[in-house]
>>> print(open('model_0.csv').read())   # CSV, C-alpha atoms and all ligand atoms
chain,number,residue,atom,x,y,z
A,1,MET,CA,89.4,85.6,81.6
A,2,LYS,CA,87.0,88.0,83.2
A,3,GLY,CA,88.1,89.4,86.6
A,4,ILE,CA,85.5,90.8,89.0
A,5,VAL,CA,86.8,93.2,91.6
A,6,ARG,CA,86.1,91.7,95.1
A,7,ASN,CA,88.5,93.5,97.4
A,8,LYS,CA,90.6,96.7,97.3
A,9,LYS,CA,92.8,98.0,100.2
A,10,GLU,CA,95.8,100.1,100.9
A,11,VAL,CA,98.5,97.8,102.3
A,12,ALA,CA,101.4,100.2,102.7
A,13,THR,CA,101.9,103.9,101.9
A,14,GLY,CA,100.7,104.5,98.3
A,15,THR,CA,100.4,100.8,97.7
A,16,LEU,CA,97.1,99.2,96.6
A,17,LEU,CA,96.0,95.5,96.8
A,18,VAL,CA,93.2,94.5,94.4
A,19,SER,CA,91.6,91.0,94.4
A,20,PHE,CA,89.7,89.7,91.5
A,21,GLU,CA,87.3,86.8,91.3
A,22,VAL,CA,87.7,84.6,88.2
A,23,ILE,CA,84.9,82.3,87.3
A,24,GLU,CA,86.6,80.4,84.5
A,25,PRO,CA,89.1,77.6,85.5
A,26,PHE,CA,92.7,78.6,85.5
A,27,THR,CA,96.0,77.5,87.0
A,28,PHE,CA,99.3,79.3,87.9
A,29,LYS,CA,102.5,78.6,89.7
A,30,PRO,CA,103.6,80.7,92.7
A,31,GLY,CA,105.8,83.5,91.3
A,32,GLN,CA,104.1,83.9,88.0
A,33,TYR,CA,102.5,87.2,86.7
A,34,CYS,CA,99.2,88.1,85.1
A,35,PHE,CA,98.2,90.8,82.6
A,36,VAL,CA,95.5,93.1,83.8
A,37,THR,CA,93.5,95.0,81.2
A,38,LEU,CA,91.1,97.8,82.2
A,39,ILE,CA,87.8,97.8,80.2
A,40,ASN,CA,86.9,101.3,79.0
A,41,PRO,CA,89.4,103.1,81.2
A,42,PRO,CA,88.4,106.6,82.3
A,43,TYR,CA,91.8,108.2,81.7
A,44,PRO,CA,94.0,108.2,78.6
A,45,ASP,CA,97.4,106.5,79.0
A,46,ASP,CA,100.3,106.4,76.4
A,47,ARG,CA,101.2,102.9,77.5
A,48,GLY,CA,97.6,101.7,77.0
A,49,ASN,CA,95.1,100.0,79.3
A,50,ARG,CA,97.2,96.9,80.2
A,51,ARG,CA,100.0,96.1,82.6
A,52,HIS,CA,101.5,92.9,84.1
A,53,PHE,CA,101.5,92.2,87.8
A,54,SER,CA,102.9,89.4,89.8
A,55,ILE,CA,100.2,87.3,91.5
A,56,VAL,CA,100.3,87.8,95.3
A,57,ASN,CA,97.9,85.0,96.4
A,58,SER,CA,98.6,81.3,96.6
A,59,PRO,CA,97.2,79.0,93.9
A,60,ASN,CA,95.4,77.2,96.7
A,61,GLU,CA,93.1,80.2,97.0
A,62,LYS,CA,90.9,79.0,94.1
A,63,GLY,CA,89.1,81.4,91.7
A,64,THR,CA,91.2,84.4,92.9
A,65,ILE,CA,93.9,86.6,91.4
A,66,THR,CA,95.3,89.2,93.8
A,67,ILE,CA,97.8,91.9,92.7
A,68,THR,CA,99.5,94.7,94.6
A,69,THR,CA,100.9,97.8,93.1
A,70,ARG,CA,102.6,101.1,93.9
A,71,LEU,CA,100.1,103.8,92.8
A,72,SER,CA,101.2,106.5,90.4
A,73,GLU,CA,99.5,109.2,88.4
A,74,SER,CA,99.6,107.2,85.2
A,75,GLY,CA,96.1,106.9,83.5
A,76,PHE,CA,96.2,103.1,84.1
A,77,LYS,CA,96.9,103.4,87.8
A,78,ARG,CA,94.3,106.1,88.3
A,79,GLY,CA,91.7,103.9,86.5
A,80,LEU,CA,92.8,100.9,88.7
A,81,ARG,CA,92.5,103.0,91.9
A,82,GLU,CA,89.0,104.0,90.9
A,83,LEU,CA,87.7,100.5,90.2
A,84,LYS,CA,84.7,99.7,92.3
A,85,ILE,CA,83.7,96.4,93.9
A,86,GLY,CA,81.9,94.4,91.3
A,87,ASP,CA,83.6,96.1,88.3
A,88,GLN,CA,85.0,93.9,85.6
A,89,THR,CA,88.5,93.7,84.1
A,90,GLN,CA,90.1,91.4,81.6
A,91,LEU,CA,92.9,89.2,83.1
A,92,GLY,CA,95.5,87.0,81.5
A,93,PRO,CA,97.5,85.5,80.0
A,94,ILE,CA,99.4,84.3,83.0
A,95,ALA,CA,103.1,83.7,82.4
A,96,GLY,CA,106.6,83.7,83.8
A,97,ALA,CA,109.6,81.5,84.8
A,98,PHE,CA,110.2,83.1,88.2
A,99,VAL,CA,109.1,80.0,90.1
A,100,LEU,CA,110.4,77.6,92.7
A,101,PRO,CA,113.0,75.2,91.6
A,102,ASP,CA,111.9,71.5,91.6
A,103,ASP,CA,114.7,70.4,94.0
A,104,THR,CA,113.5,71.3,97.5
A,105,SER,CA,116.9,70.3,99.1
A,106,ILE,CA,118.8,73.3,97.8
A,107,PRO,CA,118.5,76.4,100.1
A,108,LEU,CA,116.9,79.4,98.6
A,109,VAL,CA,117.7,83.1,99.0
A,110,LEU,CA,114.9,85.4,98.0
A,111,ILE,CA,115.9,89.0,97.5
A,112,ALA,CA,113.2,91.7,97.0
A,113,GLY,CA,113.4,95.4,96.7
A,114,GLY,CA,110.2,97.4,97.5
A,115,ILE,CA,107.2,96.3,95.5
A,116,GLY,CA,109.2,93.3,94.3
A,117,ILE,CA,107.9,91.4,97.3
A,118,THR,CA,104.7,90.5,95.4
A,119,PRO,CA,105.8,87.1,93.8
A,120,PHE,CA,107.5,86.0,97.0
A,121,MET,CA,104.2,86.4,98.9
A,122,SER,CA,102.6,83.8,96.6
A,123,ILE,CA,105.7,81.6,96.9
A,124,LEU,CA,105.9,81.8,100.7
A,125,LYS,CA,102.2,81.2,101.3
A,126,PHE,CA,102.3,78.2,99.1
A,127,VAL,CA,105.4,76.8,100.8
A,128,ALA,CA,103.7,77.2,104.2
A,129,GLU,CA,100.4,75.7,103.1
A,130,GLU,CA,102.0,72.7,101.4
A,131,ARG,CA,104.6,72.3,104.1
A,132,LEU,CA,107.3,72.1,101.5
A,133,PRO,CA,110.7,71.4,103.0
A,134,TYR,CA,112.6,74.4,101.3
A,135,GLN,CA,115.1,76.2,103.5
A,136,ILE,CA,114.4,79.9,102.7
A,137,THR,CA,116.0,83.2,103.6
A,138,LEU,CA,114.1,86.3,102.5
A,139,ILE,CA,116.1,89.5,102.2
A,140,TYR,CA,113.6,92.4,101.8
A,141,SER,CA,114.9,95.9,101.3
A,142,ASN,CA,112.8,99.0,101.7
A,143,ARG,CA,113.4,102.7,102.5
A,144,ASP,CA,111.4,102.6,105.8
A,145,GLN,CA,108.8,100.5,107.7
A,146,SER,CA,105.8,102.5,106.5
A,147,SER,CA,106.6,101.6,102.8
A,148,THR,CA,107.3,98.0,103.6
A,149,THR,CA,104.4,96.1,102.0
A,150,PHE,CA,103.2,93.0,103.8
A,151,TYR,CA,105.3,93.7,107.0
A,152,ASP,CA,102.7,92.0,109.3
A,153,GLU,CA,102.0,89.1,107.0
A,154,LEU,CA,105.8,88.3,106.8
A,155,GLN,CA,106.1,88.4,110.5
A,156,LEU,CA,103.2,85.9,110.7
A,157,LEU,CA,104.8,83.7,108.0
A,158,SER,CA,108.0,83.6,109.9
A,159,THR,CA,106.1,81.9,112.8
A,160,GLN,CA,104.5,79.4,110.4
A,161,LEU,CA,107.5,78.4,108.3
A,162,PRO,CA,110.0,76.3,110.3
A,163,ASN,CA,113.0,76.8,107.9
A,164,PHE,CA,112.5,80.5,107.2
A,165,GLN,CA,114.8,83.4,108.0
A,166,LEU,CA,113.5,86.9,107.5
A,167,VAL,CA,116.0,89.7,107.0
A,168,LEU,CA,114.5,93.1,106.7
A,169,THR,CA,116.7,96.0,105.7
A,170,MET,CA,115.5,99.6,106.0
A,171,THR,CA,117.9,101.9,104.2
A,172,GLU,CA,116.4,105.2,105.3
A,173,ASP,CA,114.5,104.6,108.6
A,174,PRO,CA,116.0,106.4,111.6
A,175,ASN,CA,113.7,104.4,113.9
A,176,TRP,CA,114.8,101.0,112.6
A,177,THR,CA,117.4,99.2,114.8
A,178,GLY,CA,117.9,96.2,112.5
A,179,GLU,CA,119.8,95.8,109.2
A,180,LYS,CA,120.1,99.1,107.2
A,181,ARG,CA,122.6,98.2,104.5
A,182,ARG,CA,122.0,97.9,100.8
A,183,VAL,CA,122.4,94.3,99.5
A,184,ASP,CA,126.0,94.5,98.1
A,185,THR,CA,128.9,92.0,97.7
A,186,THR,CA,130.0,92.3,101.4
A,187,PHE,CA,126.4,91.8,102.6
A,188,ILE,CA,126.1,88.6,100.5
A,189,LYS,CA,129.4,87.1,101.6
A,190,GLU,CA,128.6,87.9,105.2
A,191,TYR,CA,125.2,86.1,105.2
A,192,PHE,CA,126.3,83.3,102.8
A,193,PRO,CA,130.0,82.6,103.1
A,194,ASN,CA,129.6,79.5,100.9
A,195,VAL,CA,128.0,81.6,98.1
A,196,ASN,CA,127.1,78.7,95.7
A,197,ALA,CA,125.4,76.5,98.3
A,198,GLN,CA,122.1,78.4,97.6
A,199,LYS,CA,120.0,79.4,94.7
A,200,TYR,CA,119.1,83.1,94.5
A,201,MET,CA,115.8,84.7,93.2
A,202,VAL,CA,116.0,88.5,92.8
A,203,VAL,CA,113.0,90.7,92.0
A,204,GLY,CA,112.2,94.4,92.0
A,205,PRO,CA,112.7,97.6,89.9
A,206,PRO,CA,115.4,97.1,87.2
A,207,GLY,CA,118.0,99.3,88.9
A,208,MET,CA,117.8,97.3,92.1
A,209,VAL,CA,117.8,93.9,90.3
A,210,SER,CA,120.9,94.7,88.2
A,211,ALA,CA,122.7,96.1,91.3
A,212,VAL,CA,122.0,92.9,93.3
A,213,GLN,CA,122.7,90.6,90.3
A,214,ASN,CA,126.1,92.3,89.9
A,215,ALA,CA,126.8,92.0,93.6
A,216,LEU,CA,126.0,88.3,93.5
A,217,LEU,CA,128.3,87.7,90.5
A,218,GLU,CA,131.1,89.7,92.1
A,219,ALA,CA,130.7,87.6,95.3
A,220,GLY,CA,131.3,84.5,93.1
A,221,VAL,CA,127.8,83.2,92.6
A,222,THR,CA,127.5,81.4,89.2
A,223,PRO,CA,124.9,82.7,86.8
A,224,ASP,CA,122.9,79.4,86.8
A,225,ASN,CA,122.3,79.9,90.5
A,226,ILE,CA,120.6,83.3,89.9
A,227,ASN,CA,117.0,83.8,88.7
A,228,VAL,CA,115.8,87.3,88.2
A,229,GLU,CA,112.5,89.1,87.5
A,230,ASN,CA,112.6,92.7,86.4
A,231,PHE,CA,109.6,95.0,87.2
A,232,THR,CA,110.0,97.1,84.1
A,233,GLY,CA,108.0,100.3,84.3
A,234,TYR,CA,109.7,101.6,87.5
B,301,LIG,C1,107.0,90.5,85.2
B,301,LIG,C2,106.5,91.8,85.8
B,301,LIG,C3,105.8,91.8,87.0
B,301,LIG,C4,105.4,93.0,87.6
B,301,LIG,N1,104.8,92.9,88.8
B,301,LIG,C5,104.4,94.1,89.4
B,301,LIG,C6,103.8,94.1,90.7
B,301,LIG,O1,103.6,93.0,91.3
B,301,LIG,N2,103.5,95.3,91.2
B,301,LIG,C7,103.7,96.5,90.5
B,301,LIG,O2,103.4,97.5,91.1
B,301,LIG,N3,104.3,96.5,89.3
B,301,LIG,C8,104.7,95.3,88.7
B,301,LIG,N4,105.3,95.4,87.5
B,301,LIG,C9,105.4,96.7,86.8
B,301,LIG,C10,104.0,97.1,86.2
B,301,LIG,O3,103.7,96.2,85.1
B,301,LIG,C11,104.0,98.6,85.7
B,301,LIG,O4,104.9,98.7,84.7
B,301,LIG,C12,104.4,99.5,86.8
B,301,LIG,O5,103.5,99.3,87.9
B,301,LIG,C13,104.4,101.0,86.4
B,301,LIG,O6,103.1,101.3,85.9
B,301,LIG,P1,102.6,102.8,85.9
B,301,LIG,O7,101.3,102.7,85.1
B,301,LIG,O8,102.6,103.3,87.3
B,301,LIG,O9,103.7,103.6,85.2
B,301,LIG,P2,103.9,103.8,83.6
B,301,LIG,O10,103.2,105.0,83.1
B,301,LIG,O11,103.6,102.5,82.9
B,301,LIG,O12,105.5,103.9,83.5
B,301,LIG,C14,106.3,104.7,84.5
B,301,LIG,C15,107.6,105.1,83.8
B,301,LIG,O13,108.4,103.9,83.4
B,301,LIG,C16,108.6,104.0,81.9
B,301,LIG,N5,108.4,102.6,81.4
B,301,LIG,C17,107.2,102.0,81.4
B,301,LIG,N6,107.3,100.8,80.9
B,301,LIG,C18,108.6,100.6,80.6
B,301,LIG,C19,109.3,99.5,80.1
B,301,LIG,N7,108.7,98.3,79.8
B,301,LIG,N8,110.6,99.6,80.0
B,301,LIG,C20,111.2,100.8,80.4
B,301,LIG,N9,110.6,101.8,80.8
B,301,LIG,C21,109.3,101.7,81.0
B,301,LIG,C22,107.6,105.0,81.5
B,301,LIG,O14,108.1,105.7,80.3
B,301,LIG,C23,107.5,106.0,82.6
B,301,LIG,O15,108.5,106.9,82.7
B,301,LIG,C24,105.7,94.2,86.9
B,301,LIG,C25,106.4,94.2,85.7
B,301,LIG,C26,106.8,93.0,85.1
B,301,LIG,C27,107.6,93.0,83.9
>>> encode(input="model_0.csv", output="structure tokens")
Amino acid sequence: MKGIVRNKKEVATGTLLVSFEVIEPFTFKPGQYCFVTLINPPYPDDRGNRRHFSIVNSPNEKGTITITTRLSESGFKRGLRELKIGDQTQLGPIAGAFVLPDDTSIPLVLIAGGIGITPFMSILKFVAEERLPYQITLIYSNRDQSSTTFYDELQLLSTQLPNFQLVLTMTEDPNWTGEKRRVDTTFIKEYFPNVNAQKYMVVGPPGMVSAVQNALLEAGVTPDNINVENFTGY
């Protein structure tokens, strides 16, 4: 699919959102990812001109694919940063099994580290728009508030979603008066004493994902209640 750049903005420190218009018909489920290929990229990159990114927008926003990424000095990211409005990229395929379970009656615990918030933005917007009856807790861990992508949007979503609890944890922010702990076994058991009464979705850099996955297992969560997405490349 051809993706035409329609919007680009910094949404947190060193974090770029890019929106593409797609003319061809396509569908996706909230939580899925899309490959982005740069056409004739200006900088060389050992990993090539293609990366995958979770889709940030809701599928109800037709004809649009929006991604959000931490910038780096890789050739790919420098090329992405320098795209201009109207430039073309190649998008797709869209794939991934990190999606909402069909059963809306089981409470969901979404756990994101840093840029791992991206698939949850699509999921939460869709749940709000469709008024789906999921009961959702989002645990979102960052170093500090300035690096917390979509901070304002999440505050807004928490006013729109009736069964939504937002738990922000800032592990290195001296000005943050809320939760500061890492998500470990004690944390899980404290928030969810009946550990298998929920399904868990965990996403972020691989180190964070495996630490949280181990904490969940150690807390007694059964593997079939855990769905993970690893952002390899970080
Ligand atoms: C399903 C999925 C969804 C993703 N969604 C997002 C998203 O929403 N936002 C976002 O910012 N990123 C996302 N990523 C990661 C993204 O695809 C890039 O890999 C990442 O942004 C780093 O790209 P880079 O060009 O900055 O660094 P790179 O130059 O690609 O890599 C940085 C470092 O990681 C190492 N590395 C690269 N790839 C791998 C690999 N596959 N396994 C192990 N080590 C590797 C490299 O050697 C290098 O040291 C996602 C990844 C996956 C798998």
>>> residues_near_ligand(input="model_0.csv", ligand="ligand LIG 301 (chain B)", cutoff="7 Å", atoms="all atoms listed in the file", output="list of chain:residue names")
A:Tyr33, A:Arg47, A:Arg51, A:His52, A:Phe53, A:Ser54, A:Ile55, A:Ile67, A:Thr68, A:Thr69, A:Arg70, A:Leu71, A:Ser72, A:Glu73, A:Ser74, A:Gly75, A:Phe76, A:Lys77, A:Gly96, A:Ile115, A:Gly116, A:Thr118, A:Pro119, A:Glu229, A:Asn230, A:Phe231, A:Thr232, A:Gly233, A:Tyr234
>>> residues_around(input="model_0.csv", residues="Pro162 of chain A", least_positions_apart="6", cutoff="10 Å", atoms="all atoms listed in the file", output="VMD selection string")
chain A and resid 128 131 133 to 136
>>> write_last_selection(input="model_0.csv", atoms="C-alpha atoms", output="PDB file, keeping the file's coordinate frame")
ATOM      1  CA  ALA A 128     103.700  77.200 104.200  1.00  0.00           C
ATOM      2  CA  ARG A 131     104.600  72.300 104.100  1.00  0.00           C
ATOM      3  CA  PRO A 133     110.700  71.400 103.000  1.00  0.00           C
ATOM      4  CA  TYR A 134     112.600  74.400 101.300  1.00  0.00           C
ATOM      5  CA  GLN A 135     115.100  76.200 103.500  1.00  0.00           C
ATOM      6  CA  ILE A 136     114.400  79.900 102.700  1.00  0.00           C
TER       7      ILE A 136
END
>>> residues_around(input="model_0.csv", residues="segment 214-221 of chain A", least_positions_apart="3", cutoff="8 Å", atoms="all atoms listed in the file", output="compact mmCIF listing (two decimals) with C-alpha atoms, in the frame of the given file")
# COMPACT_ATOMS: atom_id res chain seq x y z
CA VAL A 183 122.40 94.30 99.50
CA ASP A 184 126.00 94.50 98.10
CA THR A 185 128.90 92.00 97.70
CA THR A 186 130.00 92.30 101.40
CA ILE A 188 126.10 88.60 100.50
CA LYS A 189 129.40 87.10 101.60
CA VAL A 195 128.00 81.60 98.10
CA ASN A 196 127.10 78.70 95.70
CA SER A 210 120.90 94.70 88.20
CA ALA A 211 122.70 96.10 91.30
CA ASN A 225 122.30 79.90 90.50
CA ILE A 226 120.60 83.30 89.90
>>> closest_residue(input="model_0.csv", among="A:Val22, A:Val99, A:Ile139, A:Ala112", to="Asn227 of chain A", atoms="all atoms listed in the file")
A:Val99
>>> atom_distance(input="model_0.csv", atom1="atom CA of Leu83 of chain A", atom2="atom CA of Asp45 of chain A")
16.0 Å
>>> atom_distance(input="model_0.csv", atom1="atom CA of Lys180 of chain A", atom2="atom CA of Ser147 of chain A")
14.4 Å
>>> atom_distance(input="model_0.csv", atom1="atom CA of Ile94 of chain A", atom2="atom CA of Pro205 of chain A")
20.0 Å
>>> residues_around(input="model_0.csv", residues="Glu172 of chain A", least_positions_apart="6", cutoff="12 Å", atoms="all atoms listed in the file", output="CSV table (one decimal) with C-alpha atoms, in the frame of the given file")
chain,number,residue,atom,x,y,z
A,141,SER,CA,114.9,95.9,101.3
A,142,ASN,CA,112.8,99.0,101.7
A,143,ARG,CA,113.4,102.7,102.5
A,144,ASP,CA,111.4,102.6,105.8
A,145,GLN,CA,108.8,100.5,107.7
A,146,SER,CA,105.8,102.5,106.5
A,147,SER,CA,106.6,101.6,102.8
A,148,THR,CA,107.3,98.0,103.6
A,178,GLY,CA,117.9,96.2,112.5
A,179,GLU,CA,119.8,95.8,109.2
A,180,LYS,CA,120.1,99.1,107.2
A,181,ARG,CA,122.6,98.2,104.5
A,182,ARG,CA,122.0,97.9,100.8
>>> closest_residue(input="model_0.csv", among="A:Thr27, A:Thr64, A:Thr171, A:Thr15", to="Ala95 of chain A", atoms="all atoms listed in the file")
A:Thr27
>>> closest_residue(input="model_0.csv", among="A:Lys125, A:Thr169, A:Leu100, A:Pro59", to="Pro25 of chain A", atoms="all atoms listed in the file")
A:Pro59
>>> closest_residue(input="model_0.csv", among="A:Leu80, A:Asp103, A:Pro93, A:Asp87", to="Phe35 of chain A", atoms="all atoms listed in the file")
A:Pro93
>>> residues_near_point(input="model_0.csv", point="(92.1, 95.4, 85.6)", cutoff="8 Å", atoms="only C-alpha atoms", output="CSV table (one decimal) with C-alpha atoms, in the coordinates of the input")
chain,number,residue,atom,x,y,z
A,3,GLY,CA,88.1,89.4,86.6
A,36,VAL,CA,95.5,93.1,83.8
A,37,THR,CA,93.5,95.0,81.2
A,38,LEU,CA,91.1,97.8,82.2
A,39,ILE,CA,87.8,97.8,80.2
A,50,ARG,CA,97.2,96.9,80.2
A,80,LEU,CA,92.8,100.9,88.7
A,88,GLN,CA,85.0,93.9,85.6
A,89,THR,CA,88.5,93.7,84.1
A,90,GLN,CA,90.1,91.4,81.6
A,91,LEU,CA,92.9,89.2,83.1
